[in-house]
file start.cif (mmCIF, C-alpha atoms)
data_start
loop_
_atom_site.label_atom_id
_atom_site.label_comp_id
_atom_site.auth_asym_id
_atom_site.auth_seq_id
_atom_site.Cartn_x
_atom_site.Cartn_y
_atom_site.Cartn_z
CA MET A 10 0.00 0.00 0.00
CA LYS A 11 1.38 3.36 -1.03
CA ALA A 12 1.96 6.08 1.51
CA GLY A 13 -1.09 8.24 1.82
CA GLU A 14 -3.42 5.68 0.31
CA MET A 15 -6.76 5.39 2.02
CA LYS A 16 -7.07 2.35 4.25
CA ALA A 17 -10.78 2.89 4.65
CA GLY A 18 -11.69 0.00 2.37
CA GLU A 19 -10.84 -2.42 5.14
CA MET A 20 -12.63 -0.48 7.85
CA LYS A 21 -16.07 -1.00 9.25
CA ALA A 22 -18.67 1.75 9.34
CA GLY A 23 -17.91 4.09 12.22
CA ALA A 24 -14.16 3.53 11.96
CA VAL A 25 -12.02 6.65 12.14
CA GLN A 26 -8.81 7.09 10.15
CA ALA A 27 -5.89 8.20 12.30
CA GLY A 28 -3.41 10.75 10.98
CA ASN A 29 -3.54 13.98 8.98
CA TRP A 30 -6.69 14.02 6.83
CA LEU A 31 -5.14 16.13 4.08
CA GLU A 32 -2.13 13.83 3.72
CA GLN A 33 -4.43 10.81 3.40
CA LEU A 34 -5.68 12.14 0.08
CA ARG A 35 -3.93 11.52 -3.21
CA PHE A 36 -3.16 14.77 -4.97
CA ASP A 37 -1.85 14.40 -8.54
CA ASP A 38 1.64 15.32 -9.72
CA GLN A 39 0.52 18.96 -9.97
CA GLY A 40 -0.70 18.86 -6.38
CA LEU A 41 -4.36 18.90 -7.39
CA ILE A 42 -7.40 16.78 -6.62
CA THR A 43 -10.76 16.63 -8.44
CA ALA A 44 -13.62 18.22 -6.50
CA ILE A 45 -17.30 17.63 -7.24
CA ALA A 46 -19.99 19.96 -5.91
CA GLN A 47 -23.38 18.32 -5.38
CA GLU A 48 -26.36 20.42 -4.33
CA ALA A 49 -27.89 19.33 -1.02
CA ALA A 50 -31.51 20.15 -1.87
CA THR A 51 -31.68 18.74 -5.41
CA GLN A 52 -28.79 16.24 -5.35
CA ARG A 53 -27.76 17.64 -8.73
CA ILE A 54 -24.09 17.80 -9.66
CA LEU A 55 -23.46 21.49 -10.03
CA MET A 56 -19.84 21.53 -11.16
CA VAL A 57 -16.47 19.81 -11.11
CA ALA A 58 -13.29 21.76 -10.40
CA TRP A 59 -9.82 21.35 -8.90
CA MET A 60 -8.43 21.92 -5.44
CA ASP A 61 -4.92 22.07 -4.11
CA ARG A 62 -4.18 21.38 -0.43
CA GLN A 63 -4.68 25.00 0.53
CA ALA A 64 -8.01 25.25 -1.29
CA LEU A 65 -9.30 22.18 0.48
CA GLN A 66 -8.02 23.36 3.83
CA GLU A 67 -9.71 26.75 3.33
CA THR A 68 -12.92 25.01 2.29
CA ALA A 69 -12.92 22.90 5.43
CA ARG A 70 -11.96 25.84 7.65
CA THR A 71 -14.41 28.40 6.30
CA GLY A 72 -17.32 26.19 5.24
CA GLN A 73 -17.35 27.80 1.79
CA ALA A 74 -15.99 26.23 -1.38
CA VAL A 75 -12.54 27.41 -2.42
CA TYR A 76 -11.08 25.91 -5.60
CA TRP A 77 -7.80 26.19 -7.50
CA SER A 78 -8.27 27.96 -10.80
CA ARG A 79 -5.96 26.36 -13.35
CA SER A 80 -6.51 29.17 -15.86
CA ARG A 81 -5.85 31.98 -13.38
CA ARG A 82 -3.33 29.96 -11.37
CA ARG A 83 -4.63 31.13 -8.02
CA LEU A 84 -7.10 30.20 -5.31
CA TRP A 85 -10.64 30.91 -6.39
CA HIS A 86 -13.22 31.54 -3.69
CA LYS A 87 -16.33 30.44 -5.58
CA GLY A 88 -18.72 33.40 -5.81
CA GLU A 89 -16.05 35.98 -5.01
CA GLU A 90 -17.25 38.10 -7.98
CA SER A 91 -20.80 36.93 -8.53
CA GLY A 92 -21.77 36.52 -4.89
CA ASN A 93 -22.88 32.98 -5.70
CA VAL A 94 -20.89 31.31 -2.94
CA GLN A 95 -21.26 27.64 -2.04
CA LYS A 96 -21.90 26.80 1.58
CA VAL A 97 -20.31 23.40 2.21
CA THR A 98 -22.23 21.12 4.55
CA GLU A 99 -20.30 17.88 4.03
CA ILE A 100 -16.97 16.75 2.56
CA ARG A 101 -16.48 13.14 1.43
CA THR A 102 -13.72 11.25 -0.32
CA ASP A 103 -13.76 7.97 -2.18
CA CYS A 104 -12.16 4.58 -1.58
CA ASP A 105 -8.79 5.58 -3.01
CA GLY A 106 -8.87 9.18 -1.80
CA ASP A 107 -8.31 10.87 -5.16
CA VAL A 108 -11.63 12.74 -5.46
CA VAL A 109 -13.50 14.92 -2.98
CA LEU A 110 -17.25 15.30 -3.03
CA LEU A 111 -18.74 18.43 -1.51
CA THR A 112 -22.36 18.75 -0.50
CA VAL A 113 -23.24 22.41 -1.01
CA GLU A 114 -25.96 24.99 -0.79
CA GLN A 115 -25.61 27.19 -3.87
CA ALA A 116 -26.29 30.89 -3.27
CA GLY A 117 -28.22 32.49 -6.11
CA GLY A 118 -29.12 29.08 -7.53
CA VAL A 119 -26.52 29.48 -10.29
CA ALA A 120 -23.26 27.54 -10.24
CA CYS A 121 -22.23 27.80 -13.89
CA HIS A 122 -20.44 30.77 -15.45
CA THR A 123 -22.97 30.54 -18.31
CA GLY A 124 -25.70 31.58 -15.87
CA ARG A 125 -27.18 28.11 -15.54
CA HIS A 126 -28.02 26.18 -12.39
CA SER A 127 -25.52 23.42 -13.15
CA CYS A 128 -22.54 23.16 -15.48
CA PHE A 129 -23.91 19.80 -16.70
CA PHE A 130 -26.51 21.13 -19.11
CA ASN A 131 -25.48 19.16 -22.24
CA VAL A 132 -27.21 15.80 -22.79
CA LEU A 133 -26.14 13.27 -25.42
CA GLN A 134 -29.09 12.51 -27.72
CA ASP A 135 -28.72 10.69 -31.05
CA GLU A 136 -24.96 11.37 -31.12
CA ARG A 137 -25.39 15.11 -30.57
CA TRP A 138 -24.98 17.29 -27.49
CA VAL A 139 -28.25 19.04 -26.71
CA VAL A 140 -28.52 21.97 -24.30
CA VAL A 141 -31.33 21.05 -21.93
CA ASP A 142 -31.15 23.68 -19.18
CA PRO A 143 -32.05 27.35 -19.46
CA VAL A 144 -29.87 30.35 -18.68
CA LEU A 145 -31.24 31.76 -15.43
CA THR A 146 -28.98 34.79 -15.10
CA ASP A 147 -27.33 36.82 -17.84
CA PRO A 148 -23.61 36.01 -17.53
CA ALA A 149 -22.80 39.65 -18.33
CA THR A 150 -24.50 40.73 -15.11
CA LEU A 151 -23.13 37.76 -13.18
CA TYR A 152 -19.60 39.10 -13.21
CA ARG A 153 -20.24 42.83 -13.18
CA LYS A 154 -19.04 44.39 -9.96
CA PRO A 155 -21.81 46.08 -7.94
CA MET B 20 -11.95 29.54 -28.56
CA LYS B 21 -9.89 26.38 -28.74
CA ALA B 22 -10.71 23.63 -31.20
CA GLY B 23 -13.06 21.15 -29.64
CA GLU B 24 -14.16 23.49 -26.89
CA MET B 25 -17.87 23.36 -26.12
CA LYS B 26 -19.81 26.28 -27.52
CA ALA B 27 -22.86 25.30 -25.53
CA GLY B 28 -22.45 28.17 -23.07
CA GLU B 29 -23.79 30.54 -25.69
CA MET B 30 -26.67 28.31 -26.73
CA LYS B 31 -30.27 28.39 -25.65
CA ALA B 32 -32.03 25.38 -24.17
CA GLY B 33 -32.99 23.02 -26.98
CA ALA B 34 -30.01 23.99 -29.12
CA VAL B 35 -28.13 21.12 -30.72
CA GLN B 36 -24.35 21.10 -31.20
CA ALA B 37 -23.35 20.25 -34.75
CA GLY B 38 -20.34 18.01 -35.39
CA ASN B 39 -18.82 14.88 -33.87
CA TRP B 40 -19.90 14.57 -30.25
CA LEU B 41 -16.75 12.76 -29.14
CA GLU B 42 -14.45 15.37 -30.67
CA GLN B 43 -16.35 18.14 -28.87
CA LEU B 44 -15.09 16.82 -25.56
CA ARG B 45 -11.73 17.73 -24.09
CA PHE B 46 -9.69 14.66 -23.32
CA ASP B 47 -6.48 15.31 -21.35
CA ASP B 48 -2.95 14.83 -22.66
CA GLN B 49 -3.25 11.11 -21.92
CA GLY B 50 -6.46 10.92 -23.93
CA LEU B 51 -8.64 10.53 -20.85
CA ILE B 52 -11.69 12.28 -19.43
CA THR B 53 -13.16 12.13 -15.92
CA ALA B 54 -16.40 10.16 -15.69
CA ILE B 55 -18.83 10.39 -12.77
CA ALA B 56 -21.50 7.72 -12.21
CA GLN B 57 -24.61 8.97 -10.42
CA GLU B 58 -27.33 6.54 -9.44
CA ALA B 59 -30.71 7.32 -11.00
CA ALA B 60 -32.87 6.15 -8.09
CA THR B 61 -30.94 7.66 -5.18
CA GLN B 62 -29.01 10.45 -6.95
CA ARG B 63 -25.93 9.31 -5.02
CA ILE B 64 -22.53 9.59 -6.63
CA LEU B 65 -21.39 5.98 -6.88
CA MET B 66 -17.89 6.38 -8.29
CA VAL B 67 -15.52 8.45 -10.37
CA ALA B 68 -13.30 6.83 -13.00
CA TRP B 69 -11.63 7.55 -16.33
CA MET B 70 -12.67 7.01 -19.91
CA ASP B 71 -10.78 7.20 -23.18
CA ARG B 72 -12.61 7.82 -26.46
CA GLN B 73 -13.21 4.13 -27.04
CA ALA B 74 -14.60 3.58 -23.53
CA LEU B 75 -17.03 6.44 -23.98
CA GLN B 76 -18.04 5.26 -27.43
CA GLU B 77 -18.66 1.74 -26.10
CA THR B 78 -20.66 3.16 -23.21
CA ALA B 79 -22.88 5.14 -25.58
CA ARG B 80 -23.21 2.24 -28.00
CA THR B 81 -23.98 -0.54 -25.51
CA GLY B 82 -25.78 1.40 -22.77
CA GLN B 83 -23.46 -0.08 -20.13
CA ALA B 84 -20.59 1.75 -18.48
CA VAL B 85 -17.13 0.99 -19.87
CA TYR B 86 -14.18 2.75 -18.27
CA TRP B 87 -10.45 2.92 -18.86
CA SER B 88 -8.54 1.23 -16.08
CA ARG B 89 -5.33 3.17 -15.51
CA SER B 90 -3.87 0.42 -13.33
CA ARG B 91 -4.62 -2.41 -15.76
CA ARG B 92 -4.15 -0.19 -18.83
CA ARG B 93 -7.14 -1.62 -20.65
CA LEU B 94 -10.84 -1.08 -21.17
CA TRP B 95 -12.82 -2.12 -18.14
CA HIS B 96 -16.44 -3.12 -18.61
CA LYS B 97 -17.76 -2.31 -15.15
CA GLY B 98 -19.12 -5.50 -13.59
CA GLU B 99 -17.30 -7.81 -15.99
CA GLU B 100 -16.12 -9.91 -13.01
CA SER B 101 -18.64 -9.12 -10.31
CA GLY B 102 -21.72 -8.95 -12.51
CA ASN B 103 -22.45 -5.52 -11.04
CA VAL B 104 -22.83 -3.76 -14.38
CA GLN B 105 -24.07 -0.20 -14.70
CA LYS B 106 -26.93 0.45 -17.09
CA VAL B 107 -26.47 3.98 -18.43
CA THR B 108 -29.67 5.94 -18.94
CA GLU B 109 -28.19 9.38 -19.64
CA ILE B 110 -24.83 10.92 -20.55
CA ARG B 111 -24.13 14.60 -19.85
CA THR B 112 -21.13 16.83 -20.16
CA ASP B 113 -20.33 20.17 -18.57
CA CYS B 114 -19.83 23.69 -19.91
CA ASP B 115 -16.24 23.11 -20.95
CA GLY B 116 -16.66 19.48 -21.98
CA ASP B 117 -13.96 17.99 -19.79
CA VAL B 118 -16.11 15.79 -17.53
CA VAL B 119 -18.88 13.33 -18.37
CA LEU B 120 -21.70 12.55 -15.97
CA LEU B 121 -23.46 9.21 -16.34
CA THR B 122 -26.86 8.47 -14.86
CA VAL B 123 -26.81 4.77 -14.05
CA GLU B 124 -28.77 1.89 -12.60
CA GLN B 125 -26.32 -0.14 -10.51
CA ALA B 126 -26.84 -3.91 -10.70
CA GLY B 127 -26.35 -5.60 -7.34
CA GLY B 128 -26.52 -2.25 -5.54
CA VAL B 129 -22.74 -2.27 -5.06
CA ALA B 130 -20.47 0.01 -7.08
CA CYS B 131 -17.35 0.00 -4.89
CA HIS B 132 -14.68 -2.70 -4.93
CA THR B 133 -14.83 -2.63 -1.11
CA GLY B 134 -18.37 -4.05 -1.31
CA ARG B 135 -20.08 -0.78 -0.51
CA HIS B 136 -22.92 0.93 -2.36
CA SER B 137 -20.82 3.97 -3.24
CA CYS B 138 -17.08 4.64 -3.29
CA PHE B 139 -17.73 7.88 -1.37
CA PHE B 140 -18.07 6.37 2.09
CA ASN B 141 -15.53 8.55 3.96
CA VAL B 142 -16.87 11.72 5.60
CA LEU B 143 -14.68 14.45 7.06
CA GLN B 144 -15.58 14.96 10.73
CA ASP B 145 -13.39 16.95 13.15
CA GLU B 146 -10.39 16.70 10.82
CA ARG B 147 -10.65 12.92 10.52
CA TRP B 148 -12.04 10.68 7.78
CA VAL B 149 -14.86 8.56 9.19
CA VAL B 150 -16.27 5.52 7.38
CA VAL B 151 -20.03 6.06 7.34
CA ASP B 152 -21.33 3.36 4.98
CA PRO B 153 -21.45 -0.39 5.64
CA VAL B 154 -19.94 -3.17 3.55
CA LEU B 155 -22.91 -4.83 1.81
CA THR B 156 -21.05 -7.63 0.02
CA ASP B 157 -17.83 -9.36 1.04
CA PRO B 158 -15.25 -8.15 -1.52
CA ALA B 159 -13.76 -11.68 -1.55
CA THR B 160 -16.99 -13.04 -3.02
CA LEU B 161 -17.46 -10.00 -5.27
CA TYR B 162 -14.59 -10.99 -7.53
CA ARG B 163 -14.71 -14.76 -7.27
CA LYS B 164 -15.69 -16.30 -10.59
CA PRO B 165 -18.91 -18.35 -10.43
#
call {"tool": "encode", "arguments": {"input": "start.cif", "output": "structure tokens"}}
result
Amino acid sequence: MKAGEMKAGEMKAGAVQAGNWLEQLRFDDQGLITAIAQEAATQRILMVAWMDRQALQETARTGQAVYWSRSRRRLWHKGEESGNVQKVTEIRTDCDGDVVLLTVEQAGGVACHTGRHSCFFNVLQDERWVVVDPVLTDPATLYRKP
Amino acid sequence: MKAGEMKAGEMKAGAVQAGNWLEQLRFDDQGLITAIAQEAATQRILMVAWMDRQALQETARTGQAVYWSRSRRRLWHKGEESGNVQKVTEIRTDCDGDVVLLTVEQAGGVACHTGRHSCFFNVLQDERWVVVDPVLTDPATLYRKP
């Protein structure tokens, strides 16, 4: 078993992993881990993004989702411009500790930069991607400073 | 806009993307894309794995989840040993086309190799990972050939 690999597979329900929780996750060679945000009320997947250790630590500490923006190369407090922050009510990881799953309450009801509820608005139908969800907020107003 | 990047952000609900659906996704430099399996009945996230183009094409063609196993370096028809196949009822992608979200019906009710319903059975509580879901099937029997 590799260092840092989750041992939870062998553990019974209720068992607690000893040691540093952050170091028990498997960040990739760029120091990042995949993070999924699932909405508490609807159970919909709102978005998938990346976190580094600091982003995850900030998320756990503050109770609001903080991601690592690969394009901007900096921490990205979700909603910092739009106000559409994500309140995080639970953090899970999977059997091999290389994905984190956040349960969130999405302020403003819009997680996607296109102004939609969820980023997953394209459905495969007859070998074509079809947009199935409406734009709820004009993206131009979403990122305009007040 | 990069070649292959989803244009769906600009499109209204009901709009259909022209062109090859596979080529509109963004596979990483190893030719892989993140795939999330969400259970239709419970809306729980069962697992996260990888797909290459062929895995995704097979998934769409057969209606059963086929992943790319990075450890075994081959296509992995989920349930090929355990019988716990995933029937795929919907395939979505997100605004930038770099994640696919499958809606599935999980045969046997067990998606995780540890014998649990979902791979996401570790919850962060007081800076420790706590196993919150029970083992439903002994993993030793899960992979024994009949």
call {"tool": "resolve_selection", "arguments": {"input": "start.cif", "expression": "the PyMOL selection byres ((chain B) within 7 of (chain A))", "output": "number ranges by chain"}}
result
B: 27-28, 31-37, 40, 62, 110-114, 133, 138-143, 146-153
call {"tool": "residues_around", "arguments": {"input": "start.cif", "residues": "Leu84 of chain A", "least_positions_apart": "3", "cutoff": "12 Å", "atoms": "all atoms listed in the file", "output": "list in words"}}
result
Leu41, Ala58, Trp59, Met60, Asp61, Arg62, Gln63, Ala64, Leu65, Gln66, Glu67, Thr68, Ala74, Val75, Tyr76, Trp77, Ser78, Arg79, Ser80, Arg81, Lys87 and Glu89 of chain A
call {"tool": "closest_residue", "arguments": {"input": "start.cif", "among": "A:Lys96, A:Glu90, A:Lys16, A:Ala46", "to": "Thr150 of chain A", "atoms": "only C-alpha atoms"}}
result
A:Glu90
call {"tool": "atom_distance", "arguments": {"input": "start.cif", "atom1": "atom CA of Ala130 of chain B", "atom2": "atom CA of Gly82 of chain B"}}
result
16.6 Å
call {"tool": "atom_distance", "arguments": {"input": "start.cif", "atom1": "atom CA of Ala54 of chain B", "atom2": "atom CA of Ala116 of chain A"}}
result
26.1 Å
call {"tool": "atom_distance", "arguments": {"input": "start.cif", "atom1": "atom CA of Glu124 of chain B", "atom2": "atom CA of Leu161 of chain B"}}
result
18.0 Å
call {"tool": "axis_aligned_box", "arguments": {"input": "start.cif", "around": "segment 118-135 of chain A", "padding_each_side": "5 Å", "output": "lines of an AutoDock Vina configuration file"}}
result
center_x = -24.8
center_y = 21.1
center_z = -19.3
size_x = 18.7
size_y = 30.9
size_z = 33.5
call {"tool": "resolve_selection", "arguments": {"input": "start.cif", "expression": "the PyMOL selection byres ((chain B and resi 127) around 8)", "output": "PyMOL selection string"}}
result
chain B and resi 102-103+125-126+128-129
call {"tool": "write_last_selection", "arguments": {"input": "start.cif", "atoms": "C-alpha atoms", "output": "PDB file, in the coordinates of the input"}}
result
ATOM      1  CA  GLY B 102     -21.720  -8.950 -12.510  1.00  0.00           C
ATOM      2  CA  ASN B 103     -22.450  -5.520 -11.040  1.00  0.00           C
ATOM      3  CA  GLN B 125     -26.320  -0.140 -10.510  1.00  0.00           C
ATOM      4  CA  ALA B 126     -26.840  -3.910 -10.700  1.00  0.00           C
ATOM      5  CA  GLY B 128     -26.520  -2.250  -5.540  1.00  0.00           C
ATOM      6  CA  VAL B 129     -22.740  -2.270  -5.060  1.00  0.00           C
TER       7      VAL B 129
END
call {"tool": "closest_residue", "arguments": {"input": "start.cif", "among": "B:Thr122, B:Arg93, B:Ala59, B:Thr81", "to": "Val107 of chain B", "atoms": "all atoms listed in the file"}}
result
B:Thr122
call {"tool": "decode", "arguments": {"input": "start.cif", "residues": "segment 21-52 of chain B", "atoms": "N, CA and C atoms", "output": "mmCIF file, in the first residue's frame"}}
result
data_model
loop_
_atom_site.group_PDB
_atom_site.id
_atom_site.type_symbol
_atom_site.label_atom_id
_atom_site.label_comp_id
_atom_site.auth_asym_id
_atom_site.auth_seq_id
_atom_site.Cartn_x
_atom_site.Cartn_y
_atom_site.Cartn_z
ATOM 1 N N LYS B 21 -10.705 27.501 -28.289
ATOM 2 C CA LYS B 21 -9.893 26.380 -28.743
ATOM 3 C C LYS B 21 -10.711 25.377 -29.552
ATOM 4 N N ALA B 22 -10.050 24.682 -30.443
ATOM 5 C CA ALA B 22 -10.714 23.625 -31.202
ATOM 6 C C ALA B 22 -11.272 22.607 -30.220
ATOM 7 N N GLY B 23 -12.474 22.183 -30.487
ATOM 8 C CA GLY B 23 -13.057 21.153 -29.635
ATOM 9 C C GLY B 23 -13.727 21.679 -28.391
ATOM 10 N N GLU B 24 -13.540 22.964 -28.101
ATOM 11 C CA GLU B 24 -14.159 23.494 -26.886
ATOM 12 C C GLU B 24 -15.672 23.611 -27.078
ATOM 13 N N MET B 25 -16.415 23.301 -26.030
ATOM 14 C CA MET B 25 -17.866 23.357 -26.120
ATOM 15 C C MET B 25 -18.299 24.799 -26.367
ATOM 16 N N LYS B 26 -19.244 24.959 -27.267
ATOM 17 C CA LYS B 26 -19.811 26.279 -27.518
ATOM 18 C C LYS B 26 -21.162 26.414 -26.820
ATOM 19 N N ALA B 27 -21.506 25.396 -26.056
ATOM 20 C CA ALA B 27 -22.860 25.301 -25.528
ATOM 21 C C ALA B 27 -23.202 26.438 -24.578
ATOM 22 N N GLY B 28 -22.184 27.086 -24.000
ATOM 23 C CA GLY B 28 -22.448 28.172 -23.072
ATOM 24 C C GLY B 28 -23.298 29.264 -23.693
ATOM 25 N N GLU B 29 -23.088 29.455 -25.000
ATOM 26 C CA GLU B 29 -23.794 30.544 -25.689
ATOM 27 C C GLU B 29 -25.176 30.117 -26.179
ATOM 28 N N MET B 30 -25.473 28.829 -26.077
ATOM 29 C CA MET B 30 -26.667 28.305 -26.732
ATOM 30 C C MET B 30 -27.877 28.266 -25.804
ATOM 31 N N LYS B 31 -29.011 28.447 -26.398
ATOM 32 C CA LYS B 31 -30.270 28.395 -25.646
ATOM 33 C C LYS B 31 -30.674 26.942 -25.419
ATOM 34 N N ALA B 32 -31.521 26.731 -24.416
ATOM 35 C CA ALA B 32 -32.034 25.380 -24.173
ATOM 36 C C ALA B 32 -32.721 24.862 -25.429
ATOM 37 N N GLY B 33 -32.446 23.622 -25.768
ATOM 38 C CA GLY B 33 -32.994 23.017 -26.976
ATOM 39 C C GLY B 33 -32.016 23.047 -28.136
ATOM 40 N N ALA B 34 -30.992 23.886 -28.035
ATOM 41 C CA ALA B 34 -30.014 23.988 -29.120
ATOM 42 C C ALA B 34 -29.212 22.698 -29.222
ATOM 43 N N VAL B 35 -28.861 22.347 -30.441
ATOM 44 C CA VAL B 35 -28.128 21.115 -30.717
ATOM 45 C C VAL B 35 -26.751 21.486 -31.265
ATOM 46 N N GLN B 36 -25.704 20.870 -30.704
ATOM 47 C CA GLN B 36 -24.350 21.101 -31.202
ATOM 48 C C GLN B 36 -24.133 20.298 -32.477
ATOM 49 N N ALA B 37 -23.703 20.966 -33.528
ATOM 50 C CA ALA B 37 -23.346 20.249 -34.750
ATOM 51 C C ALA B 37 -21.971 19.597 -34.566
ATOM 52 N N GLY B 38 -21.674 18.606 -35.395
ATOM 53 C CA GLY B 38 -20.340 18.007 -35.391
ATOM 54 C C GLY B 38 -20.262 16.734 -34.580
ATOM 55 N N ASN B 39 -19.058 16.161 -34.534
ATOM 56 C CA ASN B 39 -18.817 14.880 -33.867
ATOM 57 C C ASN B 39 -18.823 15.055 -32.354
ATOM 58 N N TRP B 40 -19.731 14.368 -31.693
ATOM 59 C CA TRP B 40 -19.904 14.569 -30.245
ATOM 60 C C TRP B 40 -18.659 14.190 -29.445
ATOM 61 N N LEU B 41 -17.951 13.183 -29.882
ATOM 62 C CA LEU B 41 -16.748 12.760 -29.142
ATOM 63 C C LEU B 41 -15.655 13.819 -29.258
ATOM 64 N N GLU B 42 -15.524 14.390 -30.453
ATOM 65 C CA GLU B 42 -14.453 15.373 -30.672
ATOM 66 C C GLU B 42 -14.759 16.709 -30.016
ATOM 67 N N GLN B 43 -15.997 16.894 -29.569
ATOM 68 C CA GLN B 43 -16.349 18.135 -28.874
ATOM 69 C C GLN B 43 -15.984 18.091 -27.395
ATOM 70 N N LEU B 44 -15.543 16.925 -26.952
ATOM 71 C CA LEU B 44 -15.089 16.819 -25.564
ATOM 72 C C LEU B 44 -13.600 17.125 -25.490
ATOM 73 N N ARG B 45 -13.153 17.438 -24.279
ATOM 74 C CA ARG B 45 -11.729 17.732 -24.090
ATOM 75 C C ARG B 45 -11.087 16.619 -23.279
ATOM 76 N N PHE B 46 -10.455 15.712 -23.985
ATOM 77 C CA PHE B 46 -9.686 14.665 -23.322
ATOM 78 C C PHE B 46 -8.333 15.264 -22.904
ATOM 79 N N ASP B 47 -7.753 14.751 -21.825
ATOM 80 C CA ASP B 47 -6.483 15.313 -21.355
ATOM 81 C C ASP B 47 -5.321 14.806 -22.206
ATOM 82 N N ASP B 48 -4.095 15.159 -21.817
ATOM 83 C CA ASP B 48 -2.946 14.827 -22.665
ATOM 84 C C ASP B 48 -2.651 13.324 -22.684
ATOM 85 N N GLN B 49 -3.345 12.575 -21.831
ATOM 86 C CA GLN B 49 -3.250 11.114 -21.916
ATOM 87 C C GLN B 49 -4.465 10.514 -22.623
ATOM 88 N N GLY B 50 -5.296 11.390 -23.195
ATOM 89 C CA GLY B 50 -6.465 10.920 -23.932
ATOM 90 C C GLY B 50 -7.610 10.482 -23.032
ATOM 91 N N LEU B 51 -7.631 10.975 -21.810
ATOM 92 C CA LEU B 51 -8.645 10.533 -20.845
ATOM 93 C C LEU B 51 -9.549 11.687 -20.412
ATOM 94 N N ILE B 52 -10.739 11.310 -19.973
ATOM 95 C CA ILE B 52 -11.694 12.279 -19.435
ATOM 96 C C ILE B 52 -12.278 11.687 -18.149
#
